[in-house]
Amino acid sequence: MAVSSCASAFRPFECRSDPDFSGRFPRPEFPTSGAARFSAKANSVTQGFPVGSLSSSLIFRFPPNFVRQLSTKARRNCSNIGVAQIVAASWSNNQQGGSTSPTPAAKAVDAAASASVVAPVEFETGVVEEKVAAAVESGFSDGVNVQPDDLVDAKYSSFLTCDGSVAIHAGERLGRGIVTDAITTPIVNTSAYFFKKTQELIDFKEKRHASFEYGRYGNPTTVVAEEKISALEGAESTLITASGMCVSTCVLWALVPAGGHIVTTTDCYRKTRVFIERVLIPKTGITATVIDPADIGALEAALNEKQVSLFFTESPTNPFLRCVDIELVSKLCHEKGALVCVDGTFASPINQKALALGADLVLHSLTKYIAGHNDVLGGCISGPEKLVSVVRDMHHILGGTLNPNAAYLIIRGMKTLDLRVHQQNSTALRMAEILEAHPKVRRVYYPGLASHPEHHLAKRQMTGFGGVVSFEVDGELYTTAKFVDALRIPYIAPSFGGCESIVDQPAIMSYWDLPQSERAKYGIVDNLVRFSFGVEGFEDLKADILQALETI
């Protein structure tokens with residue numbers, strides 16, 4: 001039977017690939033070895049179905065990018081992508097029997113059509129290579145356009161060695177679950193997902209069928225963004241939420257039991273500290289120890305005296321850009337059975353790999369560097385699936401789901417992440433050196449400067465020092481405000497990491513509700529300025545800051 005006749009033979013049949021987007025089911029592991037091939041196994045099923053009703057019961061799971069390996073003409077010849085999948089599944093089953101020659105596509109379709117009962121097929125491992133090409137070529141006149149070896153999953157690809165390349169291609173060219181020829185990922189705007197028949201729903205509930213169910217539990221567009229972040233961080237799994245604070249609260253709720261103990265640092269995002277002090281401690285019986293970011297002795301004391309569940313820290317911290325020795329604190333915490341979660345927002349995955357340094361989890365406010373355009377909110381947590389799944393379950397209860405349109409903006413922003421961060425690193429370091437030498441600046445806080453207390457640590461665990469510089473001008477509250485108001489390029493706003501430069505005076509922006517004496521407890525002096533450098537030209541930013549300093 002010619003392949004061109006497949007459409008008429010299978011008209012009642014519809015089949016789609018249903019890769020596991022949700023993170024709730026084990027993902028297949030794809031080896032990087034070029035010698036690896038598809039292997040398939042037939043799972044036992046409780047009930048068989050005739051071919052005419054395959055749409056409600058047959059489960060095919062394929063490497064995420066399989067259908068996109070076929071040429072456009074091959075897919076059109078099939079008329080229905082499900083037929084191409086039957087070809088692949090049947091060919092793979094035949095390979096299990098020990099045959100070394102690929103089954104012709106036409107014979108595979110004939111075999112599928114003549115079968116009265118077809119068991120589900122699940123691919124365990126594999127790489128789309130010459131055997132798939134040969135199998136499809138035998139049935140399609142123009143063959144296939146097979147992408148490079150190992151082009152299946154970003155986490156296992158060996159031909160992309162630069163973060164910039166990974167940020168562009170991971171989750172998309174390297175294995176996007178949404179079948180499309182579009183270069184960009186489609187926005188899937190839906191609040192819920194349907195099941196063709198009740199049996200498919202039961203299969204989903206019993207984890208034989210991978211799909212979504214409800215918008216709060218996952219979205220294909222969001223999954224692409226999650227895969228990109230996992231690839232950049234070297235993580236097994238990533239969960240994206242609606243904001244950085246949303247993911248922080250989910251982590252703390254999920255990983256610290258009632259009556260547990262947290263260790264955190266003095267210098268941190270204020271709202272994180274507020275959540276611990278005003279919500280967790282009084283409402284759950286959780287206790288906390290707050291230490292200086294560099295005080296290893298205080299951490300060891302807390303670990304020895306308390307049953308510490310979690311060490312939750314930023315590195316670098318906000319707003320003084322203190323650095324925590326991630327490798328050392330991870331070793332100490334793990335010896336006592338405590339988890340380590342690092343908020344790496346001020347570093348970005350370009351400058352620091354917290355998981356590689358030993359942390360269990362790494363957290364980001366996607367709003368900042370990762371999205372990078374000051375136009376979207378988001379947060380994420382990355383790490384091993386066994387931990388991320390616990391946070392994911394809590395997130396499913398609490399809500400705070402990212403809108404797929406926002407996910408698209410994050411994906412779009414990540415395409416330039418590497419370029420932006422390197423530009424911001426360069427500008428910030430050069431300006432920090434200029435500010436440190438300026439007579440109207442008392443002190444500069446930047447880990448790239450030799451004067452920074454953790455400079456040598458930052459050099460060891462970071463490849464760049466970020467685009468934020470904090471400094472104290474020579475003046476009091478209103479003198480500092482005069483300097484800020486004289487700036488022409490940056491916006492006065494409470495964020496950082498975007499293309500546009502942003503400046504704020506923390507005493508006013510973040511701590512204005514506290515009296516000066518209370519602000520001083522956190523090191524927030526009236527003349528402190530936090531400057532987030534965007535991607536504007538260095539000379540323009542330099543001239544603007546110098547002219548503003550001349551006004552005070």
# chains A, B, ... in the order shown; residues from 1 in each chain; ligands from 1
$ residues_around --residues "Ala338 (chain A)" --least-positions-apart "3" --cutoff "12 Å" --atoms "only C-alpha atoms" --output "CSV table (one decimal) with N, CA, C and O atoms, in the first residue's frame"
chain,number,residue,atom,x,y,z
A,255,LEU,N,8.7,23.5,51.7
A,255,LEU,CA,9.8,22.7,52.1
A,255,LEU,C,10.2,22.9,53.6
A,255,LEU,O,11.1,22.2,54.1
A,256,VAL,N,9.5,23.8,54.3
A,256,VAL,CA,9.7,23.9,55.7
A,256,VAL,C,8.5,23.4,56.5
A,256,VAL,O,7.4,24.0,56.4
A,260,GLY,N,9.5,23.8,61.9
A,260,GLY,CA,10.8,23.7,61.4
A,260,GLY,C,11.6,25.0,61.6
A,260,GLY,O,11.2,25.9,62.2
A,261,HIS,N,12.9,24.9,61.1
A,261,HIS,CA,13.8,26.1,61.4
A,261,HIS,C,14.4,26.5,60.1
A,261,HIS,O,14.9,25.7,59.3
A,262,ILE,N,14.4,27.8,59.8
A,262,ILE,CA,15.0,28.4,58.6
A,262,ILE,C,16.2,29.3,59.0
A,262,ILE,O,16.2,29.9,60.1
A,263,VAL,N,17.2,29.2,58.2
A,263,VAL,CA,18.4,30.2,58.3
A,263,VAL,C,18.3,31.0,57.1
A,263,VAL,O,18.2,30.5,56.0
A,299,LEU,N,26.3,30.2,60.8
A,299,LEU,CA,25.6,29.1,60.2
A,299,LEU,C,25.8,27.8,60.8
A,299,LEU,O,24.9,27.0,61.1
A,300,GLU,N,27.1,27.5,61.1
A,300,GLU,CA,27.5,26.2,61.8
A,300,GLU,C,26.8,26.1,63.1
A,300,GLU,O,26.3,25.0,63.5
A,302,ALA,N,23.9,27.5,64.1
A,302,ALA,CA,22.5,27.2,63.9
A,302,ALA,C,22.3,25.7,63.5
A,302,ALA,O,21.3,25.1,63.9
A,303,LEU,N,23.2,25.2,62.6
A,303,LEU,CA,23.0,23.8,62.2
A,303,LEU,C,23.2,22.9,63.3
A,303,LEU,O,22.6,21.8,63.4
A,304,ASN,N,24.1,23.2,64.2
A,304,ASN,CA,24.4,22.3,65.4
A,304,ASN,C,23.3,22.4,66.5
A,304,ASN,O,23.1,21.4,67.1
A,306,LYS,N,20.0,23.7,66.1
A,306,LYS,CA,18.6,23.6,65.6
A,306,LYS,C,18.5,22.5,64.6
A,306,LYS,O,19.4,22.0,64.0
A,307,GLN,N,17.3,22.1,64.4
A,307,GLN,CA,16.9,21.1,63.3
A,307,GLN,C,16.6,22.0,62.1
A,307,GLN,O,15.4,22.2,61.8
A,308,VAL,N,17.6,22.4,61.4
A,308,VAL,CA,17.4,23.4,60.3
A,308,VAL,C,16.9,22.6,59.1
A,308,VAL,O,17.4,21.6,58.7
A,309,SER,N,15.8,23.1,58.6
A,309,SER,CA,15.2,22.5,57.4
A,309,SER,C,15.7,23.1,56.1
A,309,SER,O,15.9,22.4,55.1
A,310,LEU,N,16.0,24.4,56.1
A,310,LEU,CA,16.3,25.1,54.9
A,310,LEU,C,17.2,26.3,55.2
A,310,LEU,O,16.9,27.1,56.1
A,311,PHE,N,18.2,26.5,54.4
A,311,PHE,CA,19.0,27.7,54.3
A,311,PHE,C,18.6,28.4,53.1
A,311,PHE,O,18.8,28.0,52.0
A,312,PHE,N,17.9,29.6,53.3
A,312,PHE,CA,17.4,30.4,52.2
A,312,PHE,C,18.2,31.7,52.1
A,312,PHE,O,18.1,32.5,53.0
A,329,VAL,N,28.6,26.5,52.1
A,329,VAL,CA,27.3,26.4,52.9
A,329,VAL,C,26.5,25.2,52.4
A,329,VAL,O,25.9,24.6,53.3
A,330,SER,N,26.6,24.8,51.2
A,330,SER,CA,25.9,23.6,50.7
A,330,SER,C,26.5,22.4,51.4
A,330,SER,O,25.8,21.5,51.9
A,331,LYS,N,27.8,22.3,51.5
A,331,LYS,CA,28.5,21.2,52.2
A,331,LYS,C,28.1,21.1,53.6
A,331,LYS,O,27.7,20.0,54.1
A,332,LEU,N,28.1,22.2,54.3
A,332,LEU,CA,27.8,22.2,55.7
A,332,LEU,C,26.3,21.9,56.0
A,332,LEU,O,26.0,21.1,56.9
A,333,CYS,N,25.4,22.4,55.2
A,333,CYS,CA,24.0,22.1,55.3
A,333,CYS,C,23.7,20.7,55.0
A,333,CYS,O,22.9,20.0,55.8
A,334,HIS,N,24.3,20.1,54.0
A,334,HIS,CA,24.0,18.8,53.6
A,334,HIS,C,24.5,17.8,54.7
A,334,HIS,O,23.9,16.7,54.9
A,335,GLU,N,25.6,18.1,55.3
A,335,GLU,CA,26.0,17.3,56.4
A,335,GLU,C,25.0,17.2,57.6
A,335,GLU,O,25.0,16.2,58.3
A,341,CYS,N,18.6,26.7,49.3
A,341,CYS,CA,18.0,27.4,48.2
A,341,CYS,C,18.6,28.7,48.0
A,341,CYS,O,18.6,29.5,48.9
A,359,ALA,N,24.1,23.9,45.5
A,359,ALA,CA,22.8,24.2,46.0
A,359,ALA,C,21.8,23.2,45.6
A,359,ALA,O,21.9,22.6,44.5
A,360,ASP,N,20.8,23.0,46.4
A,360,ASP,CA,19.7,22.1,46.0
A,360,ASP,C,18.7,22.7,45.0
A,360,ASP,O,18.2,22.0,44.1
A,361,LEU,N,18.5,24.0,45.2
A,361,LEU,CA,17.5,24.7,44.4
A,361,LEU,C,18.0,26.1,44.1
A,361,LEU,O,18.7,26.7,44.9
$ select_by_dssp --residues "region 186-398 of chain A" --states "helix (DSSP H, G or I)" --output "PyMOL selection string"
chain A and resi 198-205+215-217+220-233+244-255+270-284+296-305+326-335+348-351+385-398
$ closest_residue --among "A:Lys415, A:Lys482, A:Arg270, A:Arg278" --to "Tyr369 (chain A)" --atoms "only C-alpha atoms"
A:Lys415
$ residues_around --residues "Leu549 (chain A)" --least-positions-apart "5" --cutoff "9 Å" --atoms "only C-alpha atoms" --output "PDB file with all heavy atoms, in the first residue's frame"
ATOM      1  N   LYS A 440      32.560  62.761  45.120  1.00  0.00           N
ATOM      2  CA  LYS A 440      31.220  62.932  45.679  1.00  0.00           C
ATOM      3  C   LYS A 440      30.518  61.602  45.969  1.00  0.00           C
ATOM      4  O   LYS A 440      29.324  61.575  46.241  1.00  0.00           O
ATOM      5  CB  LYS A 440      30.375  63.786  44.738  1.00  0.00           C
ATOM      6  CG  LYS A 440      30.874  65.229  44.636  1.00  0.00           C
ATOM      7  CD  LYS A 440      29.953  66.094  43.816  1.00  0.00           C
ATOM      8  CE  LYS A 440      30.479  67.537  43.775  1.00  0.00           C
ATOM      9  NZ  LYS A 440      29.593  68.442  42.970  1.00  0.00           N
ATOM     10  N   VAL A 441      31.280  60.528  45.916  1.00  0.00           N
ATOM     11  CA  VAL A 441      30.756  59.198  46.255  1.00  0.00           C
ATOM     12  C   VAL A 441      31.560  58.660  47.430  1.00  0.00           C
ATOM     13  O   VAL A 441      32.785  58.563  47.372  1.00  0.00           O
ATOM     14  CB  VAL A 441      30.861  58.242  45.049  1.00  0.00           C
ATOM     15  CG1 VAL A 441      30.425  56.826  45.449  1.00  0.00           C
ATOM     16  CG2 VAL A 441      30.003  58.752  43.895  1.00  0.00           C
ATOM     17  N   VAL A 473      26.190  58.394  48.049  1.00  0.00           N
ATOM     18  CA  VAL A 473      26.679  59.703  47.619  1.00  0.00           C
ATOM     19  C   VAL A 473      27.071  60.517  48.844  1.00  0.00           C
ATOM     20  O   VAL A 473      26.688  60.200  49.982  1.00  0.00           O
ATOM     21  CB  VAL A 473      25.631  60.464  46.775  1.00  0.00           C
ATOM     22  CG1 VAL A 473      25.249  59.676  45.541  1.00  0.00           C
ATOM     23  CG2 VAL A 473      24.406  60.800  47.608  1.00  0.00           C
ATOM     24  N   PHE A 483      20.378  64.314  43.430  1.00  0.00           N
ATOM     25  CA  PHE A 483      21.189  63.592  42.445  1.00  0.00           C
ATOM     26  C   PHE A 483      20.311  62.684  41.581  1.00  0.00           C
ATOM     27  O   PHE A 483      20.430  62.674  40.345  1.00  0.00           O
ATOM     28  CB  PHE A 483      22.264  62.770  43.161  1.00  0.00           C
ATOM     29  CG  PHE A 483      22.839  61.664  42.334  1.00  0.00           C
ATOM     30  CD1 PHE A 483      23.709  61.934  41.287  1.00  0.00           C
ATOM     31  CD2 PHE A 483      22.492  60.331  42.574  1.00  0.00           C
ATOM     32  CE1 PHE A 483      24.237  60.901  40.502  1.00  0.00           C
ATOM     33  CE2 PHE A 483      23.007  59.300  41.805  1.00  0.00           C
ATOM     34  CZ  PHE A 483      23.880  59.590  40.762  1.00  0.00           C
ATOM     35  N   VAL A 484      19.443  61.909  42.216  1.00  0.00           N
ATOM     36  CA  VAL A 484      18.569  60.996  41.479  1.00  0.00           C
ATOM     37  C   VAL A 484      17.698  61.761  40.487  1.00  0.00           C
ATOM     38  O   VAL A 484      17.541  61.359  39.323  1.00  0.00           O
ATOM     39  CB  VAL A 484      17.704  60.175  42.460  1.00  0.00           C
ATOM     40  CG1 VAL A 484      16.623  59.401  41.708  1.00  0.00           C
ATOM     41  CG2 VAL A 484      18.579  59.223  43.274  1.00  0.00           C
ATOM     42  N   ALA A 486      18.304  64.504  39.046  1.00  0.00           N
ATOM     43  CA  ALA A 486      19.088  65.141  37.980  1.00  0.00           C
ATOM     44  C   ALA A 486      19.461  64.161  36.866  1.00  0.00           C
ATOM     45  O   ALA A 486      19.892  64.588  35.788  1.00  0.00           O
ATOM     46  CB  ALA A 486      20.350  65.768  38.570  1.00  0.00           C
ATOM     47  N   LEU A 487      19.316  62.891  37.119  1.00  0.00           N
ATOM     48  CA  LEU A 487      19.626  61.896  36.092  1.00  0.00           C
ATOM     49  C   LEU A 487      18.607  61.959  34.959  1.00  0.00           C
ATOM     50  O   LEU A 487      17.413  62.123  35.198  1.00  0.00           O
ATOM     51  CB  LEU A 487      19.632  60.492  36.710  1.00  0.00           C
ATOM     52  CG  LEU A 487      20.770  60.205  37.694  1.00  0.00           C
ATOM     53  CD1 LEU A 487      20.473  58.954  38.509  1.00  0.00           C
ATOM     54  CD2 LEU A 487      22.101  60.056  36.958  1.00  0.00           C
ATOM     55  N   ASP A 544      25.805  60.973  31.872  1.00  0.00           N
ATOM     56  CA  ASP A 544      24.610  61.315  32.631  1.00  0.00           C
ATOM     57  C   ASP A 544      24.882  61.266  34.131  1.00  0.00           C
ATOM     58  O   ASP A 544      24.478  62.175  34.891  1.00  0.00           O
ATOM     59  CB  ASP A 544      23.476  60.358  32.266  1.00  0.00           C
ATOM     60  CG  ASP A 544      22.143  60.795  32.830  1.00  0.00           C
ATOM     61  OD1 ASP A 544      21.918  62.018  32.953  1.00  0.00           O
ATOM     62  OD2 ASP A 544      21.317  59.924  33.158  1.00  0.00           O
TER      63      ASP A 544
END
$ atom_distance --atom1 "CA of Arg519 (chain A)" --atom2 "CA of Cys268 (chain A)"
13.4 Å
$ atom_distance --atom1 "CA of Gly534 (chain A)" --atom2 "CA of Asn425 (chain A)"
9.7 Å
$ select_by_dssp --residues "region 285-477 of chain A" --states "strand (DSSP E)" --output "compact mmCIF listing (two decimals) with N, CA, C and O atoms, in the first residue's frame"
# COMPACT_ATOMS: atom_id res chain seq x y z
N THR A 287 10.63 28.68 63.24
CA THR A 287 11.58 29.62 63.82
C THR A 287 12.66 29.94 62.79
O THR A 287 12.84 29.20 61.81
N ALA A 288 13.38 31.04 63.04
CA ALA A 288 14.37 31.48 62.05
C ALA A 288 15.61 32.03 62.73
O ALA A 288 15.53 32.65 63.80
N THR A 289 16.74 31.80 62.10
CA THR A 289 18.01 32.41 62.48
C THR A 289 18.46 33.29 61.33
O THR A 289 18.48 32.83 60.18
N VAL A 290 18.81 34.53 61.62
CA VAL A 290 19.25 35.48 60.59
C VAL A 290 20.73 35.75 60.80
O VAL A 290 21.15 36.16 61.89
N ILE A 291 21.53 35.52 59.77
CA ILE A 291 22.98 35.66 59.89
C ILE A 291 23.52 36.60 58.83
O ILE A 291 22.88 36.86 57.82
N VAL A 308 17.61 22.44 61.41
CA VAL A 308 17.43 23.35 60.29
C VAL A 308 16.86 22.59 59.09
O VAL A 308 17.42 21.57 58.67
N SER A 309 15.76 23.11 58.56
CA SER A 309 15.15 22.50 57.37
C SER A 309 15.70 23.10 56.09
O SER A 309 15.89 22.40 55.09
N LEU A 310 15.96 24.42 56.13
CA LEU A 310 16.29 25.13 54.88
C LEU A 310 17.17 26.33 55.17
O LEU A 310 16.90 27.11 56.09
N PHE A 311 18.23 26.45 54.38
CA PHE A 311 19.00 27.70 54.34
C PHE A 311 18.58 28.44 53.08
O PHE A 311 18.80 27.97 51.96
N PHE A 312 17.95 29.58 53.26
CA PHE A 312 17.38 30.35 52.16
C PHE A 312 18.16 31.66 52.06
O PHE A 312 18.14 32.48 52.98
N THR A 313 18.85 31.85 50.95
CA THR A 313 19.71 33.01 50.82
C THR A 313 19.71 33.56 49.41
O THR A 313 19.42 32.83 48.45
N GLU A 314 20.04 34.81 49.29
CA GLU A 314 20.34 35.41 47.99
C GLU A 314 21.85 35.44 47.82
O GLU A 314 22.59 35.50 48.79
N LEU A 339 18.42 21.60 53.49
CA LEU A 339 18.41 21.99 52.08
C LEU A 339 18.96 23.40 51.91
O LEU A 339 18.90 24.22 52.84
N VAL A 340 19.46 23.69 50.72
CA VAL A 340 19.98 25.02 50.39
C VAL A 340 19.25 25.53 49.16
O VAL A 340 19.26 24.89 48.10
N CYS A 341 18.61 26.69 49.30
CA CYS A 341 17.95 27.36 48.18
C CYS A 341 18.60 28.73 47.99
O CYS A 341 18.62 29.54 48.93
N VAL A 342 19.11 28.97 46.80
CA VAL A 342 19.79 30.23 46.49
C VAL A 342 18.92 31.04 45.53
O VAL A 342 18.55 30.56 44.46
N ASP A 343 18.62 32.27 45.93
CA ASP A 343 17.97 33.22 45.04
C ASP A 343 19.08 33.87 44.22
O ASP A 343 19.84 34.69 44.72
N LEU A 361 18.45 23.98 45.22
CA LEU A 361 17.49 24.70 44.40
C LEU A 361 18.02 26.09 44.09
O LEU A 361 18.74 26.69 44.91
N VAL A 362 17.66 26.60 42.93
CA VAL A 362 17.99 27.98 42.58
C VAL A 362 16.72 28.68 42.13
O VAL A 362 15.90 28.13 41.40
N LEU A 363 16.55 29.88 42.62
CA LEU A 363 15.33 30.65 42.40
C LEU A 363 15.66 31.94 41.66
O LEU A 363 16.74 32.49 41.84
N HIS A 364 14.73 32.38 40.82
CA HIS A 364 14.90 33.65 40.12
C HIS A 364 13.59 34.41 40.06
O HIS A 364 12.52 33.80 39.92
N SER A 365 13.69 35.71 40.16
CA SER A 365 12.59 36.56 39.70
C SER A 365 12.81 36.76 38.21
O SER A 365 13.75 37.44 37.79
N GLY A 379 8.36 34.25 38.13
CA GLY A 379 9.33 33.68 39.03
C GLY A 379 9.55 32.22 38.68
O GLY A 379 8.72 31.60 38.02
N CYS A 380 10.67 31.65 39.12
CA CYS A 380 10.92 30.24 38.82
C CYS A 380 11.77 29.61 39.90
O CYS A 380 12.52 30.29 40.61
N ILE A 381 11.66 28.29 40.02
CA ILE A 381 12.51 27.50 40.90
C ILE A 381 13.01 26.31 40.09
O ILE A 381 12.24 25.68 39.35
N SER A 382 14.30 26.02 40.18
CA SER A 382 14.91 24.95 39.40
C SER A 382 15.70 24.03 40.31
O SER A 382 16.31 24.47 41.30
N GLY A 383 15.72 22.73 39.95
CA GLY A 383 16.47 21.77 40.74
C GLY A 383 16.05 20.36 40.39
O GLY A 383 15.45 20.12 39.33
N VAL A 441 31.28 60.53 45.92
CA VAL A 441 30.76 59.20 46.26
C VAL A 441 31.56 58.66 47.43
O VAL A 441 32.79 58.56 47.37
N ARG A 442 30.85 58.32 48.52
CA ARG A 442 31.53 57.84 49.73
C ARG A 442 31.94 56.37 49.64
O ARG A 442 33.00 55.98 50.12
N ARG A 443 31.05 55.55 49.08
CA ARG A 443 31.32 54.11 49.06
C ARG A 443 30.56 53.45 47.93
O ARG A 443 29.44 53.86 47.61
N VAL A 444 31.17 52.43 47.36
CA VAL A 444 30.53 51.68 46.28
C VAL A 444 30.44 50.21 46.67
O VAL A 444 31.41 49.64 47.21
N TYR A 445 29.28 49.60 46.41
CA TYR A 445 29.07 48.18 46.69
C TYR A 445 28.92 47.45 45.35
O TYR A 445 27.90 47.58 44.67
N VAL A 468 23.97 45.65 38.45
CA VAL A 468 23.51 46.54 39.53
C VAL A 468 24.70 47.00 40.36
O VAL A 468 25.52 46.19 40.79
N VAL A 469 24.76 48.30 40.59
CA VAL A 469 25.78 48.90 41.46
C VAL A 469 25.06 49.73 42.51
O VAL A 469 24.21 50.56 42.19
N SER A 470 25.39 49.49 43.78
CA SER A 470 24.86 50.32 44.87
C SER A 470 25.98 51.21 45.38
O SER A 470 27.14 50.78 45.45
N PHE A 471 25.63 52.44 45.73
CA PHE A 471 26.67 53.36 46.21
C PHE A 471 26.04 54.44 47.09
O PHE A 471 24.83 54.69 47.04
N GLU A 472 26.88 55.04 47.93
CA GLU A 472 26.46 56.13 48.82
C GLU A 472 27.05 57.44 48.30
O GLU A 472 28.27 57.54 48.12
N VAL A 473 26.19 58.39 48.05
CA VAL A 473 26.68 59.70 47.62
C VAL A 473 27.07 60.52 48.84
O VAL A 473 26.69 60.20 49.98
$ atom_distance --atom1 "CA of Pro293 (chain A)" --atom2 "CA of Val388 (chain A)"
25.0 Å
$ closest_residue --among "A:Thr284, A:Asn374, A:Ser426, A:Thr241" --to "Pro494 (chain A)" --atoms "only C-alpha atoms"
A:Asn374
$ residues_around --residues "Glu536 (chain A)" --least-positions-apart "5" --cutoff "8 Å" --atoms "only C-alpha atoms" --output "ChimeraX atom specification"
/A:499-501,541
$ closest_residue --among "A:Val166, A:Ala428, A:Met245, A:Val274" --to "Lys542 (chain A)" --atoms "only C-alpha atoms"
A:Ala428
